[in-house]
Amino acid sequence: MFKGRDIVSIKELSKEEMDIIFEVAREMIPIAKGERKNNLLEGKILATLFFEPSTRTRLSFESAMNRLGGSVIGFSNPSATSISKGETLADTVRVMDSYSDVIVIRHPYEGSARLAAEFAKNPVINAGDGAGQHPTQTLLDLFTIHQEFGEIEGLNVALIGDLKYGRTVHSLAYALSYLGANIYLVSPELLRMPSHIIRELKEKPMETDKIEDVIEDVDVLYVTRIQKERFPDPTEYKKVAGSYRITPELLKKAKDRAIVMHPLPRVDEIESDVDYTKHARYFQQAFNGVPVRMALLALVLGVV
Amino acid sequence: MEEQTLKVQKIKNGIVIDHIPCGMALKVLKILNINGDIGSTVSLVMHVKSRMGCKDVVKIEDRFLEEREIDKIALIAPTATVNVIENYKVVNKHKVELPDEIVGIVRCMNPRCITNQREPVVPEFKVVSKNPVIIKCKYCEREMGVEDIIENIL
Ligand SMILES: Nc1ncnc2c1ncn2[C@@H]1O[C@H](COP(=O)(O)OP(=O)(O)OP(=O)(O)O)[C@@H](O)[C@H]1O
Ligand SMILES: [Mg+2]
Ligand SMILES: [Zn+2]
């Protein structure tokens, strides 16, 4: 079902396929932690084509490949490669494809991963194409929720912060809605979720600009950063950002089992004291990037 | 019923694009690149009352259409029929047809789309809705409506 497959957009994965990914990811956890050795991907080479900087995504892919006994080649600074001489993406991909067994690509232009997948014979995994898709982030977010609650259907999930520019929340909203979660959108007026994203959701989500409106009802608080650059007036930014900050105080009103997630890096949208509450899951979420990416690599390479 | 459109002078040879959705005639001319300097007669009737409600009709003398042009018309006027007139008579009539995939006749409106960079690919879209026409870029997934399509015809 997965062997040889490209992972370009979350929209191409069915619930059954996501369940398989989660199941394999669960089995990968002890290996991801280094508690168990495994050589499933021995002799396989992953090429990481990072045309844009990224630490977390790139390093978690590298860790995933290394933990499974495979090796990694690639670049994270295209100015040092022939791309800076004007080579097309299509050509770069064809060459890297011939050096490796699977490609992971991050590129600033939308649709670039689809293009890469067309030119590569081996599987291509999208690690972010501009404002477009970032399916492995969505999968690790879903996996974290799945791990916590078992079933995603029927959960109340609040997406909080910058819902306009954040691509992470766009694909996550789509996937959550597809899986039957109830979505609450919490953002300042200026950073509301674009209507073309909302249009693709199964049900119209509840929208508000106050966390207080939803805090008692939700199972998941998915927090994103509000960037200063989005505001013309710095004092306005301060005021707005302050009212979306997650504090231990605020979490007292939350459900006992509610969890706080964040794609990281955070700045000050989650107070550091929250780290020590029973609600914090963002570091576990970041770790989950490794077993989920191990699962994807193993699946598309056909070894599980 | 003798059609009102016949009030316009008959043409000897050329084409009649009939059953264009109301108000779209000028846009059909635009995508066919027909402007002031065309040598032949172009007549245009808008808001004709017909059985189906309301339509526009475009008649162009001494002009024939290529396959590609017919596909373009289908994108913005999916109900249109193209009638070929020879010696005052309709000798050929066919309904335009909007295919499920649009390849190479529209560029993606998203300037950040990889198909708008210097890459060896032809822009490709899926038709997600035929009425109203909405197409979706196969690469960046951006959706485009009729207005966007007209702006980006190749
Ligand atoms: N010589 C001509 N000059 C200009 N217009 C013409 C000429 N002959 C036909 N037409 C127009 O071309 C269109 C198609 O003509 P046709 O005689 O096939 O009409 P119809 O039977 O009503 O067709 P349809 O079923 O497609 O509506 C009509 O709008 C008609 O007015
Ligand atoms: Mg008629
Ligand atoms: Zn596009």
# chains A, B, ... in the order shown; residues from 1 in each chain; ligands from 1

call {"tool": "interface_residues", "arguments": {"of": "chain B", "to": "chain A", "cutoff": "6 Å", "atoms": "only C-alpha atoms", "output": "VMD selection string"}}
result
chain B and resid 112 to 114 119 139 to 140

call {"tool": "select_by_dssp", "arguments": {"residues": "chain B", "states": "alpha helix (DSSP H)", "output": "list of chain:residue names"}}
result
B:Ala25, B:Leu26, B:Lys27, B:Val28, B:Leu29, B:Lys30, B:Ile31, B:Glu67, B:Arg68, B:Glu69, B:Ile70, B:Asp71, B:Lys72, B:Ile73, B:Ala74, B:Leu75, B:Ile76, B:Val146, B:Glu147, B:Asp148, B:Ile149, B:Ile150, B:Glu151

call {"tool": "atom_distance", "arguments": {"atom1": "atom CA of A:Glu35", "atom2": "atom CA of A:Met294"}}
result
14.9 Å

call {"tool": "residues_around", "arguments": {"residues": "stretch 273-284 of chain A", "least_positions_apart": "6", "cutoff": "12 Å", "atoms": "only C-alpha atoms", "output": "ChimeraX atom specification"}}
result
/A:29,33,56,140-141,143-145,147-148,219-224,245-266,290-291

call {"tool": "residues_around", "arguments": {"residues": "B:Lys12", "least_positions_apart": "6", "cutoff": "7 Å", "atoms": "only C-alpha atoms", "output": "list in words"}}
result
Ile85, Glu86, Asn87 and Tyr88 of chain B

call {"tool": "residues_near_ligand", "arguments": {"ligand": "ligand 1", "cutoff": "9 Å", "atoms": "only C-alpha atoms and all ligand atoms", "output": "compact mmCIF listing (two decimals) with C-alpha atoms, in the first residue's frame"}}
result
# COMPACT_ATOMS: atom_id res chain seq x y z
CA MET B 1 -39.35 30.65 -32.79
CA GLU B 2 -37.29 32.81 -35.13
CA GLU B 3 -34.41 33.85 -32.98
CA GLN B 4 -33.86 37.46 -32.12
CA THR B 5 -30.20 37.00 -32.91
CA LEU B 6 -31.08 36.85 -36.56
CA LYS B 7 -31.92 40.51 -36.33
CA VAL B 8 -28.19 40.85 -36.67
CA GLN B 9 -27.04 40.65 -40.28
CA LYS B 10 -26.43 37.11 -41.52
CA ILE B 11 -22.89 36.02 -42.09
CA LYS B 12 -21.72 34.16 -45.15
CA ASN B 13 -18.80 32.26 -43.73
CA GLY B 14 -17.56 32.11 -40.17
CA ILE B 15 -18.64 30.95 -36.75
CA VAL B 16 -21.50 31.51 -34.37
CA ILE B 17 -20.77 30.84 -30.74
CA ASP B 18 -24.20 30.29 -29.28
CA HIS B 19 -25.55 29.59 -25.78
CA SER B 50 -34.20 31.97 -24.90
CA VAL B 57 -24.22 35.01 -28.78
CA VAL B 58 -21.04 35.94 -30.67
CA LYS B 59 -20.76 35.84 -34.46
CA ILE B 60 -17.45 36.22 -36.22
CA GLU B 61 -17.06 36.38 -39.97
CA ALA B 80 -21.60 27.18 -25.46
CA THR B 81 -22.08 25.61 -28.89
CA VAL B 82 -19.85 26.43 -31.80
CA ASN B 83 -21.64 26.58 -35.18
CA VAL B 84 -19.63 26.68 -38.36
CA ILE B 85 -21.34 28.71 -41.07
CA GLU B 86 -20.61 28.15 -44.73
CA ASN B 87 -22.50 29.93 -47.41
CA TYR B 88 -25.06 31.22 -44.84
CA LYS B 89 -25.82 27.70 -43.57
CA VAL B 90 -24.88 25.92 -40.38
CA VAL B 91 -22.71 23.06 -41.65
CA ASN B 92 -21.27 21.88 -38.35
CA LYS B 93 -22.38 22.27 -34.76
CA HIS B 94 -20.72 21.08 -31.63
CA LYS B 95 -21.05 21.67 -27.93

call {"tool": "decode", "arguments": {"residues": "stretch 131-147 of chain B", "atoms": "all heavy atoms", "output": "PDB file, in the first residue's frame"}}
result
ATOM      1  N   ASN B 131     -19.892  24.091 -12.769  1.00  0.00           N
ATOM      2  CA  ASN B 131     -20.851  25.193 -12.764  1.00  0.00           C
ATOM      3  C   ASN B 131     -21.045  25.717 -11.346  1.00  0.00           C
ATOM      4  O   ASN B 131     -21.773  25.114 -10.574  1.00  0.00           O
ATOM      5  CB  ASN B 131     -22.192  24.703 -13.350  1.00  0.00           C
ATOM      6  CG  ASN B 131     -23.185  25.845 -13.497  1.00  0.00           C
ATOM      7  OD1 ASN B 131     -22.791  26.995 -13.556  1.00  0.00           O
ATOM      8  ND2 ASN B 131     -24.458  25.509 -13.519  1.00  0.00           N
ATOM      9  N   PRO B 132     -20.399  26.790 -10.947  1.00  0.00           N
ATOM     10  CA  PRO B 132     -19.463  27.607 -11.732  1.00  0.00           C
ATOM     11  C   PRO B 132     -18.133  26.876 -11.927  1.00  0.00           C
ATOM     12  O   PRO B 132     -17.798  25.993 -11.145  1.00  0.00           O
ATOM     13  CB  PRO B 132     -19.249  28.834 -10.832  1.00  0.00           C
ATOM     14  CG  PRO B 132     -19.415  28.302  -9.446  1.00  0.00           C
ATOM     15  CD  PRO B 132     -20.484  27.245  -9.553  1.00  0.00           C
ATOM     16  N   VAL B 133     -17.387  27.282 -12.948  1.00  0.00           N
ATOM     17  CA  VAL B 133     -16.121  26.607 -13.211  1.00  0.00           C
ATOM     18  C   VAL B 133     -15.103  26.965 -12.131  1.00  0.00           C
ATOM     19  O   VAL B 133     -14.849  28.136 -11.851  1.00  0.00           O
ATOM     20  CB  VAL B 133     -15.567  27.007 -14.600  1.00  0.00           C
ATOM     21  CG1 VAL B 133     -14.197  26.378 -14.822  1.00  0.00           C
ATOM     22  CG2 VAL B 133     -16.519  26.568 -15.697  1.00  0.00           C
ATOM     23  N   ILE B 134     -14.563  25.928 -11.494  1.00  0.00           N
ATOM     24  CA  ILE B 134     -13.450  26.118 -10.552  1.00  0.00           C
ATOM     25  C   ILE B 134     -12.405  25.065 -10.892  1.00  0.00           C
ATOM     26  O   ILE B 134     -12.722  23.889 -11.028  1.00  0.00           O
ATOM     27  CB  ILE B 134     -13.898  25.940  -9.087  1.00  0.00           C
ATOM     28  CG1 ILE B 134     -14.980  26.959  -8.719  1.00  0.00           C
ATOM     29  CG2 ILE B 134     -12.697  26.101  -8.144  1.00  0.00           C
ATOM     30  CD1 ILE B 134     -15.588  26.733  -7.348  1.00  0.00           C
ATOM     31  N   ILE B 135     -11.169  25.517 -11.093  1.00  0.00           N
ATOM     32  CA  ILE B 135     -10.092  24.579 -11.381  1.00  0.00           C
ATOM     33  C   ILE B 135      -9.043  24.675 -10.275  1.00  0.00           C
ATOM     34  O   ILE B 135      -8.935  25.701  -9.614  1.00  0.00           O
ATOM     35  CB  ILE B 135      -9.455  24.834 -12.764  1.00  0.00           C
ATOM     36  CG1 ILE B 135      -8.827  26.239 -12.847  1.00  0.00           C
ATOM     37  CG2 ILE B 135     -10.492  24.655 -13.875  1.00  0.00           C
ATOM     38  CD1 ILE B 135      -8.062  26.489 -14.143  1.00  0.00           C
ATOM     39  N   LYS B 136      -8.315  23.565 -10.080  1.00  0.00           N
ATOM     40  CA  LYS B 136      -7.340  23.520  -8.995  1.00  0.00           C
ATOM     41  C   LYS B 136      -5.984  23.106  -9.534  1.00  0.00           C
ATOM     42  O   LYS B 136      -5.887  22.104 -10.241  1.00  0.00           O
ATOM     43  CB  LYS B 136      -7.833  22.486  -7.971  1.00  0.00           C
ATOM     44  CG  LYS B 136      -7.034  22.414  -6.717  1.00  0.00           C
ATOM     45  CD  LYS B 136      -7.497  21.242  -5.877  1.00  0.00           C
ATOM     46  CE  LYS B 136      -7.203  21.492  -4.429  1.00  0.00           C
ATOM     47  NZ  LYS B 136      -8.339  21.293  -3.578  1.00  0.00           N
ATOM     48  N   CYS B 137      -4.969  23.883  -9.204  1.00  0.00           N
ATOM     49  CA  CYS B 137      -3.620  23.598  -9.678  1.00  0.00           C
ATOM     50  C   CYS B 137      -3.164  22.239  -9.134  1.00  0.00           C
ATOM     51  O   CYS B 137      -3.262  21.969  -7.938  1.00  0.00           O
ATOM     52  CB  CYS B 137      -2.650  24.686  -9.241  1.00  0.00           C
ATOM     53  SG  CYS B 137      -0.937  24.340  -9.675  1.00  0.00           S
ATOM     54  N   LYS B 138      -2.666  21.401 -10.018  1.00  0.00           N
ATOM     55  CA  LYS B 138      -2.206  20.081  -9.623  1.00  0.00           C
ATOM     56  C   LYS B 138      -0.969  20.172  -8.738  1.00  0.00           C
ATOM     57  O   LYS B 138      -0.681  19.279  -7.957  1.00  0.00           O
ATOM     58  CB  LYS B 138      -1.881  19.312 -10.904  1.00  0.00           C
ATOM     59  CG  LYS B 138      -1.421  17.912 -10.689  1.00  0.00           C
ATOM     60  CD  LYS B 138      -1.109  17.277 -12.028  1.00  0.00           C
ATOM     61  CE  LYS B 138      -0.029  16.230 -11.865  1.00  0.00           C
ATOM     62  NZ  LYS B 138       0.551  15.833 -13.146  1.00  0.00           N
ATOM     63  N   TYR B 139      -0.236  21.265  -8.868  1.00  0.00           N
ATOM     64  CA  TYR B 139       1.008  21.403  -8.100  1.00  0.00           C
ATOM     65  C   TYR B 139       0.783  22.097  -6.759  1.00  0.00           C
ATOM     66  O   TYR B 139       1.022  21.519  -5.709  1.00  0.00           O
ATOM     67  CB  TYR B 139       2.055  22.139  -8.945  1.00  0.00           C
ATOM     68  CG  TYR B 139       2.493  21.287 -10.111  1.00  0.00           C
ATOM     69  CD1 TYR B 139       1.799  21.324 -11.319  1.00  0.00           C
ATOM     70  CD2 TYR B 139       3.551  20.405  -9.977  1.00  0.00           C
ATOM     71  CE1 TYR B 139       2.167  20.506 -12.378  1.00  0.00           C
ATOM     72  CE2 TYR B 139       3.935  19.587 -11.026  1.00  0.00           C
ATOM     73  CZ  TYR B 139       3.231  19.634 -12.231  1.00  0.00           C
ATOM     74  OH  TYR B 139       3.589  18.816 -13.258  1.00  0.00           O
ATOM     75  N   CYS B 140       0.280  23.345  -6.778  1.00  0.00           N
ATOM     76  CA  CYS B 140       0.203  24.082  -5.509  1.00  0.00           C
ATOM     77  C   CYS B 140      -1.191  24.019  -4.886  1.00  0.00           C
ATOM     78  O   CYS B 140      -1.405  24.563  -3.814  1.00  0.00           O
ATOM     79  CB  CYS B 140       0.629  25.526  -5.705  1.00  0.00           C
ATOM     80  SG  CYS B 140      -0.593  26.539  -6.565  1.00  0.00           S
ATOM     81  N   GLU B 141      -2.150  23.388  -5.584  1.00  0.00           N
ATOM     82  CA  GLU B 141      -3.506  23.198  -5.065  1.00  0.00           C
ATOM     83  C   GLU B 141      -4.326  24.489  -4.982  1.00  0.00           C
ATOM     84  O   GLU B 141      -5.398  24.515  -4.389  1.00  0.00           O
ATOM     85  CB  GLU B 141      -3.505  22.488  -3.701  1.00  0.00           C
ATOM     86  CG  GLU B 141      -2.839  21.114  -3.767  1.00  0.00           C
ATOM     87  CD  GLU B 141      -2.871  20.326  -2.462  1.00  0.00           C
ATOM     88  OE1 GLU B 141      -3.465  20.799  -1.491  1.00  0.00           O
ATOM     89  OE2 GLU B 141      -2.292  19.221  -2.441  1.00  0.00           O
ATOM     90  N   ARG B 142      -3.825  25.572  -5.566  1.00  0.00           N
ATOM     91  CA  ARG B 142      -4.596  26.822  -5.566  1.00  0.00           C
ATOM     92  C   ARG B 142      -5.821  26.668  -6.479  1.00  0.00           C
ATOM     93  O   ARG B 142      -5.733  26.125  -7.563  1.00  0.00           O
ATOM     94  CB  ARG B 142      -3.721  27.976  -6.074  1.00  0.00           C
ATOM     95  CG  ARG B 142      -4.440  29.312  -6.202  1.00  0.00           C
ATOM     96  CD  ARG B 142      -4.750  29.957  -4.867  1.00  0.00           C
ATOM     97  NE  ARG B 142      -3.554  30.379  -4.166  1.00  0.00           N
ATOM     98  CZ  ARG B 142      -3.041  31.618  -4.239  1.00  0.00           C
ATOM     99  NH1 ARG B 142      -3.627  32.534  -4.956  1.00  0.00           N
ATOM    100  NH2 ARG B 142      -1.938  31.910  -3.579  1.00  0.00           N
ATOM    101  N   GLU B 143      -6.977  27.151  -5.991  1.00  0.00           N
ATOM    102  CA  GLU B 143      -8.189  27.100  -6.812  1.00  0.00           C
ATOM    103  C   GLU B 143      -8.383  28.412  -7.557  1.00  0.00           C
ATOM    104  O   GLU B 143      -8.103  29.469  -7.031  1.00  0.00           O
ATOM    105  CB  GLU B 143      -9.405  26.809  -5.932  1.00  0.00           C
ATOM    106  CG  GLU B 143      -9.395  25.380  -5.412  1.00  0.00           C
ATOM    107  CD  GLU B 143     -10.691  24.998  -4.710  1.00  0.00           C
ATOM    108  OE1 GLU B 143     -11.582  25.850  -4.578  1.00  0.00           O
ATOM    109  OE2 GLU B 143     -10.787  23.827  -4.297  1.00  0.00           O
ATOM    110  N   MET B 144      -8.863  28.308  -8.785  1.00  0.00           N
ATOM    111  CA  MET B 144      -9.101  29.492  -9.593  1.00  0.00           C
ATOM    112  C   MET B 144     -10.517  29.472 -10.143  1.00  0.00           C
ATOM    113  O   MET B 144     -10.997  28.453 -10.623  1.00  0.00           O
ATOM    114  CB  MET B 144      -8.109  29.543 -10.771  1.00  0.00           C
ATOM    115  CG  MET B 144      -6.661  29.700 -10.324  1.00  0.00           C
ATOM    116  SD  MET B 144      -5.456  29.426 -11.653  1.00  0.00           S
ATOM    117  CE  MET B 144      -5.868  30.720 -12.819  1.00  0.00           C
ATOM    118  N   GLY B 145     -11.201  30.624 -10.077  1.00  0.00           N
ATOM    119  CA  GLY B 145     -12.533  30.767 -10.651  1.00  0.00           C
ATOM    120  C   GLY B 145     -12.438  31.398 -12.030  1.00  0.00           C
ATOM    121  O   GLY B 145     -11.340  31.648 -12.545  1.00  0.00           O
ATOM    122  N   VAL B 146     -13.595  31.664 -12.629  1.00  0.00           N
ATOM    123  CA  VAL B 146     -13.629  32.161 -14.009  1.00  0.00           C
ATOM    124  C   VAL B 146     -12.823  33.444 -14.186  1.00  0.00           C
ATOM    125  O   VAL B 146     -12.036  33.563 -15.128  1.00  0.00           O
ATOM    126  CB  VAL B 146     -15.097  32.373 -14.458  1.00  0.00           C
ATOM    127  CG1 VAL B 146     -15.147  33.059 -15.813  1.00  0.00           C
ATOM    128  CG2 VAL B 146     -15.808  31.030 -14.535  1.00  0.00           C
ATOM    129  N   GLU B 147     -12.985  34.390 -13.264  1.00  0.00           N
ATOM    130  CA  GLU B 147     -12.254  35.662 -13.387  1.00  0.00           C
ATOM    131  C   GLU B 147     -10.743  35.427 -13.387  1.00  0.00           C
ATOM    132  O   GLU B 147     -10.015  36.017 -14.180  1.00  0.00           O
ATOM    133  CB  GLU B 147     -12.608  36.610 -12.228  1.00  0.00           C
ATOM    134  CG  GLU B 147     -14.057  37.115 -12.246  1.00  0.00           C
ATOM    135  CD  GLU B 147     -14.381  37.917 -13.507  1.00  0.00           C
ATOM    136  OE1 GLU B 147     -13.478  38.643 -13.982  1.00  0.00           O
ATOM    137  OE2 GLU B 147     -15.508  37.789 -14.023  1.00  0.00           O
TER     138      GLU B 147
END
